[in-house]
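Source file: data11.tsv; contents: TSV, C-alpha atoms (C1' of nucleotides).
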chain	number	residue	atom	x	y	z
A	151	MET	CA	-3.11	-12.11	-14.27
A	152	THR	CA	-0.42	-11.92	-11.59
A	153	LEU	CA	-0.99	-13.18	-8.09
A	154	SER	CA	0.53	-9.96	-6.69
A	155	LYS	CA	-1.96	-7.76	-8.47
A	156	THR	CA	-4.81	-10.01	-7.47
A	157	MET	CA	-3.82	-10.08	-3.82
A	158	GLN	CA	-3.22	-6.37	-3.79
A	159	ALA	CA	-6.69	-5.84	-5.21
A	160	LEU	CA	-8.20	-8.19	-2.65
A	161	SER	CA	-6.41	-6.57	0.29
A	162	ASP	CA	-8.91	-3.71	0.47
A	163	PRO	CA	-12.23	-4.30	2.28
A	164	THR	CA	-14.15	-1.96	-0.04
A	165	ARG	CA	-13.01	-3.93	-3.05
A	166	ARG	CA	-13.82	-7.26	-1.46
A	167	LYS	CA	-17.28	-5.97	-0.61
A	168	ILE	CA	-17.73	-4.90	-4.24
A	169	LEU	CA	-16.84	-8.39	-5.37
A	170	GLU	CA	-19.27	-9.91	-2.87
A	171	MET	CA	-22.00	-7.73	-4.33
A	172	LEU	CA	-21.12	-8.66	-7.89
A	173	LYS	CA	-21.31	-12.33	-6.96
A	174	LYS	CA	-25.04	-11.78	-6.47
A	175	LYS	CA	-25.71	-9.72	-9.58
A	176	ASP	CA	-24.18	-7.40	-12.15
A	177	MET	CA	-24.42	-3.77	-11.14
A	178	ALA	CA	-23.91	-0.26	-12.48
A	179	ALA	CA	-21.17	1.87	-10.92
A	180	GLY	CA	-23.70	4.22	-9.32
A	181	GLU	CA	-25.69	1.39	-7.82
A	182	ILE	CA	-22.52	-0.06	-6.33
A	183	GLY	CA	-21.61	3.39	-5.06
A	184	ARG	CA	-24.87	3.74	-3.16
A	185	ASN	CA	-23.67	0.97	-0.86
A	186	PHE	CA	-20.61	2.87	0.26
A	187	ASN	CA	-19.94	5.99	2.23
A	188	MET	CA	-17.55	7.32	-0.37
A	189	THR	CA	-17.64	9.65	-3.35
A	190	LEU	CA	-18.22	8.16	-6.78
A	191	PRO	CA	-14.77	9.11	-8.05
A	192	SER	CA	-13.19	7.21	-5.17
A	193	LEU	CA	-15.43	4.26	-5.88
A	194	SER	CA	-14.57	4.46	-9.55
A	195	HIS	CA	-10.92	4.21	-8.64
A	196	HIS	CA	-11.57	0.97	-6.76
A	197	LEU	CA	-13.52	-0.41	-9.69
A	198	ASN	CA	-10.57	0.40	-11.92
A	199	THR	CA	-8.21	-1.41	-9.59
A	200	LEU	CA	-10.42	-4.49	-9.76
A	201	LYS	CA	-10.51	-4.18	-13.55
A	202	GLN	CA	-6.73	-3.87	-13.76
A	203	ALA	CA	-6.51	-7.05	-11.70
A	204	ASP	CA	-8.87	-8.71	-14.19
A	205	LEU	CA	-11.29	-9.55	-11.41
A	206	VAL	CA	-14.17	-7.66	-12.99
A	207	ILE	CA	-15.22	-6.58	-16.45
A	208	SER	CA	-17.31	-3.57	-17.43
A	209	GLU	CA	-19.61	-2.82	-20.31
A	210	ARG	CA	-21.50	0.30	-21.21
A	211	SER	CA	-25.26	0.03	-21.44
A	212	GLY	CA	-26.75	3.38	-22.36
A	213	GLN	CA	-25.74	5.91	-19.74
A	214	GLU	CA	-24.68	3.28	-17.29
A	215	ILE	CA	-21.58	1.17	-17.06
A	216	ILE	CA	-22.34	-2.29	-15.83
A	217	TYR	CA	-19.78	-4.17	-13.80
A	218	SER	CA	-19.66	-7.93	-13.48
A	219	LEU	CA	-17.32	-10.59	-12.15
A	220	ASN	CA	-14.75	-11.93	-14.56
A	221	LEU	CA	-15.70	-15.47	-13.73
A	222	SER	CA	-12.92	-17.30	-15.57
A	223	VAL	CA	-10.21	-15.28	-13.83
A	224	PHE	CA	-12.03	-15.50	-10.53
A	225	GLU	CA	-11.88	-19.26	-10.82
A	226	GLU	CA	-8.25	-19.27	-11.88
A	227	VAL	CA	-7.32	-17.13	-8.89
A	228	ALA	CA	-9.20	-19.48	-6.60
A	229	LYS	CA	-7.21	-22.42	-7.96
A	230	ASN	CA	-3.90	-20.61	-7.53
A	231	LEU	CA	-4.73	-19.67	-3.98
A	232	ILE	CA	-5.79	-23.14	-3.07
A	233	LYS	CA	-2.55	-24.45	-4.55
A	234	PHE	CA	-0.61	-21.85	-2.61
A	235	PHE	CA	-2.23	-22.83	0.64
A	236	LYS	CA	-1.83	-26.53	0.09
A	237	LYS	CA	0.97	-27.49	2.47
B	767	MET	CA	-7.04	-13.06	11.96
B	768	THR	CA	-8.62	-10.59	9.51
B	769	LEU	CA	-8.87	-11.29	5.81
B	770	SER	CA	-7.60	-7.77	5.05
B	771	LYS	CA	-4.42	-8.26	7.01
B	772	THR	CA	-3.90	-11.66	5.47
B	773	MET	CA	-4.43	-10.43	1.93
B	774	GLN	CA	-2.25	-7.42	2.55
B	775	ALA	CA	0.51	-9.69	3.81
B	776	LEU	CA	0.12	-11.97	0.80
B	777	SER	CA	0.20	-9.11	-1.71
B	778	ASP	CA	3.99	-8.87	-1.59
B	779	PRO	CA	6.05	-11.37	-3.66
B	780	THR	CA	8.87	-11.43	-1.12
B	781	ARG	CA	6.47	-12.44	1.60
B	782	ARG	CA	4.82	-15.09	-0.55
B	783	LYS	CA	8.26	-16.51	-1.34
B	784	ILE	CA	9.08	-16.62	2.37
B	785	LEU	CA	5.91	-18.61	2.98
B	786	GLU	CA	6.75	-21.00	0.14
B	787	MET	CA	10.12	-21.59	1.76
B	788	LEU	CA	8.60	-22.18	5.17
B	789	LYS	CA	6.22	-24.71	3.67
B	790	LYS	CA	9.31	-26.87	3.04
B	791	LYS	CA	11.01	-26.37	6.38
B	792	ASP	CA	11.37	-24.09	9.38
B	793	MET	CA	14.15	-21.58	8.94
B	794	ALA	CA	16.13	-18.98	10.85
B	795	ALA	CA	15.78	-15.33	9.82
B	796	GLY	CA	19.33	-15.22	8.45
B	797	GLU	CA	18.86	-18.36	6.42
B	798	ILE	CA	15.71	-16.94	4.90
B	799	GLY	CA	17.57	-13.70	4.24
B	800	ARG	CA	20.27	-15.48	2.25
B	801	ASN	CA	17.64	-16.25	-0.38
B	802	PHE	CA	16.87	-12.59	-1.02
B	803	ASN	CA	18.76	-9.68	-2.45
B	804	MET	CA	17.79	-7.44	0.42
B	805	THR	CA	19.24	-6.27	3.73
B	806	LEU	CA	18.36	-8.20	6.86
B	807	PRO	CA	16.44	-5.31	8.44
B	808	SER	CA	14.21	-5.14	5.36
B	809	LEU	CA	13.69	-8.87	5.52
B	810	SER	CA	12.97	-8.65	9.22
B	811	HIS	CA	10.26	-6.12	8.46
B	812	HIS	CA	8.60	-8.59	6.09
B	813	LEU	CA	8.82	-11.34	8.68
B	814	ASN	CA	7.14	-9.04	11.17
B	815	THR	CA	4.34	-8.30	8.71
B	816	LEU	CA	3.78	-12.04	8.30
B	817	LYS	CA	3.78	-12.44	12.05
B	818	GLN	CA	1.29	-9.63	12.55
B	819	ALA	CA	-0.94	-11.39	10.01
B	820	ASP	CA	-0.57	-14.57	12.10
B	821	LEU	CA	0.74	-16.42	9.08
B	822	VAL	CA	4.01	-17.36	10.77
B	823	ILE	CA	5.27	-17.86	14.28
B	824	SER	CA	8.79	-17.39	15.60
B	825	GLU	CA	10.73	-18.92	18.41
B	826	ARG	CA	14.21	-18.22	19.64
B	827	SER	CA	16.68	-21.07	19.61
B	828	GLY	CA	20.01	-19.93	21.00
B	829	GLN	CA	21.23	-17.02	18.86
B	830	GLU	CA	18.80	-17.75	16.09
B	831	ILE	CA	15.14	-17.02	15.72
B	832	ILE	CA	13.36	-19.79	13.91
B	833	TYR	CA	10.36	-19.01	11.77
B	834	SER	CA	7.68	-21.50	10.86
B	835	LEU	CA	4.24	-21.50	9.30
B	836	ASN	CA	1.33	-20.98	11.63
B	837	LEU	CA	-0.41	-24.02	10.26
B	838	SER	CA	-3.77	-23.63	11.95
B	839	VAL	CA	-4.20	-20.06	10.71
B	840	PHE	CA	-2.84	-21.02	7.32
B	841	GLU	CA	-5.62	-23.56	7.07
B	842	GLU	CA	-8.26	-21.17	8.33
B	843	VAL	CA	-7.20	-18.60	5.73
B	844	ALA	CA	-7.41	-21.22	3.03
B	845	LYS	CA	-10.96	-22.00	4.08
B	846	ASN	CA	-12.00	-18.35	4.11
B	847	LEU	CA	-10.50	-17.81	0.71
B	848	ILE	CA	-12.23	-20.79	-0.76
B	849	LYS	CA	-15.48	-19.56	0.70
B	850	PHE	CA	-14.86	-16.10	-0.71
B	851	PHE	CA	-14.21	-17.45	-4.17
B	852	LYS	CA	-17.13	-19.79	-4.16
B	853	LYS	CA	-19.62	-18.13	-6.50
C	1207	DA	C1'	-28.92	22.42	-29.46
C	1208	DT	C1'	-29.40	22.21	-24.47
C	1209	DA	C1'	-30.02	20.26	-20.24
C	1210	DT	C1'	-29.70	16.25	-17.35
C	1211	DA	C1'	-27.69	11.95	-15.77
C	1212	DA	C1'	-23.93	8.55	-15.14
C	1213	DT	C1'	-19.37	7.89	-14.92
C	1214	DT	C1'	-14.46	8.78	-15.40
C	1215	DT	C1'	-10.24	11.66	-15.43
C	1216	DA	C1'	-7.22	15.10	-13.39
C	1217	DG	C1'	-4.95	17.13	-9.80
C	1218	DA	C1'	-4.19	17.74	-4.79
C	1219	DT	C1'	-3.19	15.84	-0.20
C	1220	DA	C1'	-2.60	12.74	3.82
C	1221	DG	C1'	-1.23	8.34	5.06
C	1222	DT	C1'	1.06	3.84	4.13
C	1223	DT	C1'	4.74	0.80	2.34
C	1224	DG	C1'	9.21	-1.04	1.34
C	1225	DG	C1'	13.64	-0.20	1.07
C	1226	DC	C1'	18.09	1.64	3.25
C	1227	DT	C1'	21.85	2.66	7.14
C	1228	DA	C1'	22.99	2.94	11.89
C	1229	DA	C1'	22.19	1.60	16.48
C	1230	DA	C1'	20.34	-1.54	19.93
C	1231	DT	C1'	19.37	-6.15	21.92
C	1232	DA	C1'	20.10	-11.00	22.92
C	1233	DT	C1'	22.92	-15.03	22.94
C	1234	DC	C1'	27.08	-17.70	22.80
C	1235	DT	C1'	32.14	-18.46	23.42
C	1236	DA	C1'	36.63	-17.58	25.11
D	1394	DT	C1'	33.58	-9.59	31.03
D	1395	DA	C1'	34.78	-8.83	26.07
D	1396	DG	C1'	34.08	-10.05	21.43
D	1397	DA	C1'	31.51	-12.25	17.85
D	1398	DT	C1'	27.07	-13.57	15.77
D	1399	DA	C1'	22.03	-13.19	14.84
D	1400	DT	C1'	18.33	-10.41	14.70
D	1401	DT	C1'	15.39	-6.42	15.55
D	1402	DT	C1'	14.36	-1.48	16.25
D	1403	DA	C1'	14.65	3.37	14.94
D	1404	DG	C1'	14.74	6.86	11.79
D	1405	DC	C1'	14.85	8.37	7.07
D	1406	DC	C1'	13.17	8.73	2.20
D	1407	DA	C1'	10.97	7.73	-2.32
D	1408	DA	C1'	7.09	5.57	-4.26
D	1409	DC	C1'	2.44	4.19	-3.88
D	1410	DT	C1'	-2.58	4.38	-2.19
D	1411	DA	C1'	-7.02	6.17	-0.93
D	1412	DT	C1'	-9.49	9.87	-0.55
D	1413	DC	C1'	-11.41	14.39	-1.97
D	1414	DT	C1'	-13.21	18.33	-5.30
D	1415	DA	C1'	-13.61	20.05	-9.85
D	1416	DA	C1'	-13.72	19.29	-14.64
D	1417	DA	C1'	-14.37	16.31	-18.67
D	1418	DT	C1'	-16.77	12.63	-21.25
D	1419	DT	C1'	-20.68	9.98	-22.98
D	1420	DA	C1'	-25.44	9.16	-23.61
D	1421	DT	C1'	-30.41	10.35	-23.24
D	1422	DA	C1'	-34.38	13.39	-23.40
D	1423	DT	C1'	-36.66	17.67	-24.41
Just give me the structure as structure tokens.
Amino acid sequence: MTLSKTMQALSDPTRRKILEMLKKKDMAAGEIGRNFNMTLPSLSHHLNTLKQADLVISERSGQEIIYSLNLSVFEEVAKNLIKFFKK
Amino acid sequence: MTLSKTMQALSDPTRRKILEMLKKKDMAAGEIGRNFNMTLPSLSHHLNTLKQADLVISERSGQEIIYSLNLSVFEEVAKNLIKFFKK
DNA sequence: ATATAATTTAGATAGTTGGCTAAATATCTA
DNA sequence: TAGATATTTAGCCAACTATCTAAATTATAT
């Protein structure tokens, strides 16, 4: 987990919105996609970026692939950011 | 102040290092530049990005232009981030 | 085995970013 | 006013990003 990758991932509004959704509940890629005006391949690319940044994890369940927050990393990032912003 | 702009600004290691330096003390552009292996125009571009994101402010003092943290925004960003990361 | 559904991968393209050099601007000093 | 110093602006280029369409992959159902 590098802060650069995390920040880069967080710099896109679509990706932040995805994370906000996953805070509420785990979701399949298609279900996430329905909330955006964007093709599924584009959405999939964003999901991959979030995965590369370790912010989310994914698991296949039948035909679907369920995405969820990677809570431990999410918390670690929060701590780093708070430290960074502490004057 | 938009979170996107802020995150985007923070996604670059050079810019984060500049902010870390400015946490310690206000500095002129050239002085900041001496800490990086990069031309001054490139550095100036990063400073401008930070300024556009409202993370720093600049003020001329004679021949120099002194950069400093925009503390109020810095604090506001911290709050937003904490809120974002609160599950 | 075939068709359907969910998702990802591949390949193309337009736009953005981060670096450079050269030129311009602003200030100070002689 | 001329020269030196500090910084920014302009213009260029290579690398990266976000999007798309089309094709491939994986799993379920008939």
For chain C versus chain B, which residues have an atom no more than 12 Å away, and what is each residue's nearest atom pair and distance in Å rounded to one decimal, using all atoms listed in the file, chain-then-number order, as JSON lines?
{"residue": "C:DT1222", "atom": "C1'", "partner": "B:Gln774", "partner_atom": "CA", "distance": 11.8}
{"residue": "C:DT1223", "atom": "C1'", "partner": "B:Asp778", "partner_atom": "CA", "distance": 10.5}
{"residue": "C:DG1224", "atom": "C1'", "partner": "B:Ser808", "partner_atom": "CA", "distance": 7.6}
{"residue": "C:DG1225", "atom": "C1'", "partner": "B:Ser808", "partner_atom": "CA", "distance": 6.6}
{"residue": "C:DC1226", "atom": "C1'", "partner": "B:Thr805", "partner_atom": "CA", "distance": 8.0}
{"residue": "C:DT1227", "atom": "C1'", "partner": "B:Pro807", "partner_atom": "CA", "distance": 9.7}
{"residue": "C:DA1228", "atom": "C1'", "partner": "B:Pro807", "partner_atom": "CA", "distance": 11.1}
{"residue": "C:DT1231", "atom": "C1'", "partner": "B:Gln829", "partner_atom": "CA", "distance": 11.4}
{"residue": "C:DA1232", "atom": "C1'", "partner": "B:Gln829", "partner_atom": "CA", "distance": 7.3}
{"residue": "C:DT1233", "atom": "C1'", "partner": "B:Gln829", "partner_atom": "CA", "distance": 4.8}
{"residue": "C:DC1234", "atom": "C1'", "partner": "B:Gln829", "partner_atom": "CA", "distance": 7.1}
{"residue": "C:DT1235", "atom": "C1'", "partner": "B:Gln829", "partner_atom": "CA", "distance": 11.9}
Have a look at CA of Ser194 in chain A and CA of Asp176 in chain A and let me know their distance in Å, one decimal.
->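 It comes out at 15.5 Å.
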Find the residues with any atom within 12 Å of (0.6, -24.4, 9.4); use only C-alpha atoms (C1' of nucleotides) and the coordinates as given in the file, and write the answer as JSON, numbers by chain.
-> {"A": [235, 236, 237], "B": [785, 786, 788, 789, 790, 791, 792, 820, 821, 822, 823, 833, 834, 835, 836, 837, 838, 839, 840, 841, 842, 843, 844]}
Chain D near chain A within 10 Å: what's each residue's closest atom pair and its distance in Å to one decimal, counting only C-alpha atoms (C1' of nucleotides), ordered by chain then ascending residue number, as CSV?
residue,atom,partner,partner_atom,distance
D:DA1411,C1',A:Ser192,CA,7.6
D:DT1412,C1',A:Ser192,CA,6.5
D:DC1413,C1',A:Thr189,CA,7.9
D:DT1414,C1',A:Pro191,CA,9.7
D:DT1419,C1',A:Gln213,CA,7.3
D:DA1420,C1',A:Gln213,CA,5.1
D:DT1421,C1',A:Gln213,CA,7.3
Return as AutoDock Vina command-line options the box centre and box size in Å, one decimal, for an axis-aligned box around all listed atoms of range 1218-1230 of chain C padded by 8 Å per side.
--center_x 9.4 --center_y 8.1 --center_z 7.6 --size_x 43.2 --size_y 35.3 --size_z 40.7
For the atom pair CA of Thr768 in chain B and CA of Pro163 in chain A, what is the interatomic distance in Å to one decimal place?
->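 Going from CA of Thr768 in chain B over to CA of Pro163 in chain A, I get 10.2 Å.
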Which distance in Å separates CA of Phe186 in chain A and CA of Arg166 in chain A, to one decimal?
->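 About the pair CA of Phe186 in chain A and CA of Arg166 in chain A: they are 12.3 Å apart.
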